[in-house]
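Novice: work_16.tsv (TSV, C-alpha atoms) pasted underneath:
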```tsv
chain	number	residue	atom	x	y	z
A	26	MET	CA	-21.80	8.91	74.10
A	27	SER	CA	-18.86	8.70	71.72
A	28	VAL	CA	-15.54	6.89	71.99
A	29	TRP	CA	-13.85	8.72	69.11
A	30	PRO	CA	-10.48	10.30	69.89
A	31	SER	CA	-10.52	13.81	71.28
A	32	ALA	CA	-8.01	16.52	70.42
A	33	SER	CA	-7.66	17.26	74.16
A	34	SER	CA	-6.34	13.77	74.88
A	35	PRO	CA	-4.01	12.48	72.16
A	36	HIS	CA	-3.06	9.26	73.98
A	37	PHE	CA	-6.54	8.02	74.83
A	38	PRO	CA	-9.89	8.27	73.08
A	39	ALA	CA	-12.50	10.36	74.89
A	40	LEU	CA	-15.89	9.42	76.24
A	41	CYS	CA	-18.14	12.32	75.27
A	42	GLY	CA	-21.80	13.06	75.80
A	43	SER	CA	-24.06	16.07	75.52
A	44	GLU	CA	-22.32	17.65	78.55
A	45	GLY	CA	-18.80	17.20	77.17
A	46	GLU	CA	-16.08	14.73	78.04
A	47	LEU	CA	-16.51	12.25	80.89
A	48	VAL	CA	-13.77	12.92	83.44
A	49	SER	CA	-12.64	11.53	86.75
A	50	ILE	CA	-12.50	14.07	89.57
A	51	SER	CA	-10.15	13.31	92.45
A	52	VAL	CA	-10.32	15.31	95.67
A	53	ILE	CA	-7.52	15.10	98.21
A	54	VAL	CA	-8.91	15.48	101.70
A	55	GLU	CA	-7.67	15.17	105.27
A	56	PRO	CA	-9.36	12.18	106.93
A	57	ARG	CA	-10.91	14.45	109.56
A	58	ASP	CA	-12.57	16.49	106.76
A	59	LEU	CA	-13.97	13.53	104.83
A	60	GLU	CA	-17.50	13.84	106.21
A	61	ASP	CA	-17.59	17.56	105.34
A	62	LEU	CA	-16.44	16.78	101.79
A	63	LEU	CA	-19.13	14.14	101.33
A	64	GLU	CA	-21.77	16.57	102.62
A	65	SER	CA	-20.50	19.16	100.13
A	66	LEU	CA	-20.75	16.67	97.27
A	67	ALA	CA	-24.36	15.98	98.28
A	68	LEU	CA	-25.14	19.64	97.43
A	69	LEU	CA	-24.36	19.07	93.73
A	70	ASP	CA	-27.29	18.86	91.33
A	71	PHE	CA	-26.31	15.45	89.98
A	72	PRO	CA	-25.81	12.11	91.76
A	73	ILE	CA	-22.37	11.32	93.16
A	74	ASN	CA	-21.24	7.80	94.04
A	75	PRO	CA	-17.72	8.44	95.31
A	76	GLN	CA	-14.93	5.91	95.59
A	77	ILE	CA	-12.84	6.57	98.71
A	78	TYR	CA	-9.17	5.56	98.86
A	79	HIS	CA	-7.96	5.68	102.46
A	80	ASP	CA	-4.54	4.18	101.69
A	81	ALA	CA	-3.58	6.57	98.89
A	82	SER	CA	-0.46	8.70	98.68
A	83	LEU	CA	0.82	11.88	97.09
A	84	VAL	CA	4.31	11.63	95.67
A	85	TYR	CA	6.20	14.86	95.00
A	86	VAL	CA	9.02	14.50	92.46
A	87	SER	CA	11.91	17.02	92.59
A	88	GLY	CA	14.01	18.18	89.66
A	89	ASP	CA	16.81	15.82	90.70
A	90	GLY	CA	14.44	12.83	90.59
A	91	SER	CA	14.11	12.42	94.35
A	92	GLN	CA	10.64	11.64	95.64
A	93	VAL	CA	8.80	12.45	98.83
A	94	SER	CA	5.65	10.46	99.58
A	95	GLN	CA	2.83	11.56	101.88
A	96	PRO	CA	-0.16	9.46	102.93
A	97	ALA	CA	-3.47	10.80	101.68
A	98	THR	CA	-7.17	10.13	101.44
A	99	ILE	CA	-8.56	10.58	97.93
A	100	VAL	CA	-12.24	10.75	97.01
A	101	GLU	CA	-12.92	10.08	93.34
A	102	PHE	CA	-16.06	10.28	91.21
A	103	PRO	CA	-17.01	10.67	87.53
A	104	ALA	CA	-18.64	13.77	86.06
A	105	TYR	CA	-19.02	15.44	82.71
A	106	ALA	CA	-16.74	18.39	81.91
A	107	ALA	CA	-19.69	20.79	81.80
A	108	ARG	CA	-20.26	20.07	85.50
A	109	LEU	CA	-16.72	21.03	86.58
A	110	PRO	CA	-17.39	24.74	87.28
A	111	ASN	CA	-20.28	23.78	89.57
A	112	VAL	CA	-18.19	21.12	91.35
A	113	ARG	CA	-15.33	23.60	91.91
A	114	ALA	CA	-17.73	26.33	93.10
A	115	VAL	CA	-19.41	24.06	95.65
A	116	LEU	CA	-16.11	22.75	96.98
A	117	GLU	CA	-14.52	26.21	97.17
A	118	SER	CA	-17.59	27.64	98.92
A	119	ARG	CA	-17.08	24.98	101.60
A	120	GLY	CA	-13.43	25.94	102.11
A	121	LEU	CA	-11.66	23.31	100.01
A	122	LYS	CA	-8.40	24.51	98.44
A	123	ALA	CA	-8.27	24.59	94.63
A	124	GLY	CA	-5.09	22.44	94.63
A	125	ALA	CA	-7.01	19.61	96.27
A	126	VAL	CA	-9.03	18.92	93.10
A	127	SER	CA	-7.52	17.00	90.19
A	128	VAL	CA	-9.27	16.18	86.90
A	129	ASN	CA	-8.27	13.44	84.46
A	130	PRO	CA	-10.01	12.13	81.31
A	131	MET	CA	-11.97	9.02	82.30
A	132	LEU	CA	-10.33	6.61	79.87
A	133	ALA	CA	-6.85	7.78	80.90
A	134	GLU	CA	-7.86	7.21	84.53
A	135	ILE	CA	-9.11	3.71	83.78
A	136	HIS	CA	-5.90	2.76	81.99
A	137	SER	CA	-3.44	4.05	84.58
A	138	GLY	CA	-2.95	3.28	88.25
A	139	GLU	CA	-1.81	6.78	89.07
A	140	HIS	CA	-2.33	10.35	87.91
A	141	ILE	CA	0.68	12.59	87.21
A	142	GLU	CA	0.18	16.33	87.17
A	143	PRO	CA	2.72	19.14	86.66
A	144	ALA	CA	3.60	21.35	89.61
A	145	PRO	CA	2.19	24.87	89.81
A	146	ALA	CA	4.54	27.78	89.11
A	147	GLY	CA	6.98	28.38	91.93
A	148	ALA	CA	6.61	24.94	93.54
A	149	ALA	CA	9.65	23.12	94.90
A	150	HIS	CA	8.72	19.97	92.93
A	151	ILE	CA	8.30	19.36	89.20
A	152	CYS	CA	5.27	17.08	89.40
A	153	ARG	CA	2.87	15.39	91.78
A	154	ILE	CA	1.70	11.80	91.46
A	155	LEU	CA	-1.62	10.68	92.94
A	156	ARG	CA	-1.45	7.00	93.84
A	157	LYS	CA	-4.76	5.53	94.89
A	158	ARG	CA	-3.62	2.22	96.30
A	159	THR	CA	-0.16	2.41	97.83
A	160	THR	CA	-0.67	-0.57	100.14
A	161	VAL	CA	-2.14	-2.79	97.43
A	162	ALA	CA	0.51	-1.78	94.88
A	163	ALA	CA	3.31	-2.51	97.33
A	164	GLU	CA	1.89	-5.96	98.04
A	165	GLY	CA	1.33	-6.75	94.35
A	166	LYS	CA	-2.40	-7.40	94.84
A	167	TYR	CA	-5.30	-6.22	92.71
```
Could you write out this file's structure as structure tokens?
Specialist:
Amino acid sequence: MSVWPSASSPHFPALCGSEGELVSISVIVEPRDLEDLLESLALLDFPINPQIYHDASLVYVSGDGSQVSQPATIVEFPAYAARLPNVRAVLESRGLKAGAVSVNPMLAEIHSGEHIEPAPAGAAHICRILRKRTTVAAEGKY
């Protein structure tokens, strides 16, 4: 594994191994579908030890700066970039929408409390923020 900077991530060095960069995969799931998601992850050919954030939120930021927050459940786990196509295929085969999966370089994920991603073409918002701990952040606890 290497910690030398990667061209794909200019702000953070990358953790790389023989299967590519180590990334953090976040899956947004309805609480009622959590068990199905975990069963889907069990089908992958590598071990998954997911972190589940029940008090997370999705914040949609409009062009005028206004924000709309929605409660969410986020399941997060590490994987190497070479495993991403298999992860996406398994989740899509089980009916999970492509927009529910978010990928972030592992070191960027470690250093930030939230993940900001640009909106897809035609969306009413300019970006979406995944906040894992809305309750904890609001209370100022760690």
Novice: Please provide the set of residues having any atom within 6 Å of stretch 75-81 of chain A, restricted to all atoms listed in the file, with same-chain residues fewer than 6 positions apart removed, written as a PDB file with C-alpha atoms, in the coordinates of the input.
Specialist:
```pdb
ATOM      1  CA  ALA A  97      -3.470  10.800 101.680  1.00  0.00           C
ATOM      2  CA  THR A  98      -7.170  10.130 101.440  1.00  0.00           C
ATOM      3  CA  ILE A  99      -8.560  10.580  97.930  1.00  0.00           C
ATOM      4  CA  VAL A 100     -12.240  10.750  97.010  1.00  0.00           C
ATOM      5  CA  GLU A 101     -12.920  10.080  93.340  1.00  0.00           C
ATOM      6  CA  PHE A 102     -16.060  10.280  91.210  1.00  0.00           C
ATOM      7  CA  ARG A 156      -1.450   7.000  93.840  1.00  0.00           C
ATOM      8  CA  LYS A 157      -4.760   5.530  94.890  1.00  0.00           C
ATOM      9  CA  ARG A 158      -3.620   2.220  96.300  1.00  0.00           C
ATOM     10  CA  THR A 159      -0.160   2.410  97.830  1.00  0.00           C
TER      11      THR A 159
END
```
Novice: Padding 6 Å on each side, edges along x, y and z: where is the centre of the box around the listed atoms of stretch 63-74 of chain A, and how long are its edges in Å to one decimal? Output it as lines of an AutoDock Vina configuration file.
Specialist:
```
center_x = -23.2
center_y = 13.7
center_z = 96.3
size_x = 20.2
size_y = 23.8
size_z = 24.6
```
Novice: Name the closest residue to A:Ile135 among the candidates A:Gly120, A:Pro103, A:Gly147, A:Pro56; distances are taken between atoms, counting all atoms listed in the file.
Specialist: A:Pro103
Novice: Report the distance between atom CA of A:His136 and atom CA of A:Leu59 in Å, rounded to one decimal place.
Specialist: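 Between atom CA of A:His136 and atom CA of A:Leu59 the gap is 26.5 Å.
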Novice: Would you kindly return, as a ChimeraX atom specification, each protein, DNA or RNA residue with an atom no farther than 10 Å from any atom of A:Ala125, considering all atoms listed in the file and excluding same-chain residues fewer than 5 positions away?
Specialist: /A:51-54,99,116
Novice: Skip A:Val115 itself and residues of its chain fewer than 4 positions away, then list as a VMD selection string all residues within 10 Å of it, counting only C-alpha atoms.
Specialist: chain A and resid 62 65 to 69 109 to 111 119 to 121
Novice: Env of A:Arg153: 6 Å cut, atoms = all atoms listed in the file, seq-sep filter 4 positions within chain, self excluded. Answer as a ChimeraX atom specification.
Specialist: /A:84-85,141-142
Novice: Kindly give the distance, in Å, that separates atom CA of A:Ala144 and atom CA of A:Ile50, rounded to a single decimal.
Specialist: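 Those two atoms sit 17.7 Å apart.
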Novice: Separation of atom CA of A:Ile154 and atom CA of A:Ser127, in Å?
Specialist: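 Calculated distance between atom CA of A:Ile154 and atom CA of A:Ser127 is 10.7 Å.
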Novice: Mind listing whatever residues come within 9 Å of the point (3.9, 10.2, 104.4)? Use all atoms listed in the file, file coordinates, and give them as a list of chain:residue names.
Specialist: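 Here is the list of nearby residues: A:Ser82, A:Leu83, A:Val84, A:Val93, A:Ser94, A:Gln95, A:Pro96, A:Ala97.
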Novice: Pick from A:Glu60, A:Leu155, A:Met131, A:Pro143: nearest to A:Val48, with only C-alpha atoms counted?
Specialist: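 The answer is A:Met131, which sits nearest to A:Val48.
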Novice: Which is closest to A:Leu132 among A:Glu46, A:Asp70, A:Asp61, A:Glu55, if we use all atoms listed in the file?
Specialist: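 So, comparing all the options, the nearest one is A:Glu46.
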Novice: Between A:Leu63, A:Val112, A:Val128, A:Ala149, which residue has the minimum interatomic distance to A:Gln92, considering only C-alpha atoms?
Specialist: A:Ala149
Novice: With all atoms listed in the file as the atoms that count, which of A:Pro145, A:Arg108, A:Glu134, A:Glu139 lies nearest to A:Phe71?
Specialist: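 Ranking A:Pro145, A:Arg108, A:Glu134, A:Glu139 by distance to A:Phe71, first place goes to A:Arg108.
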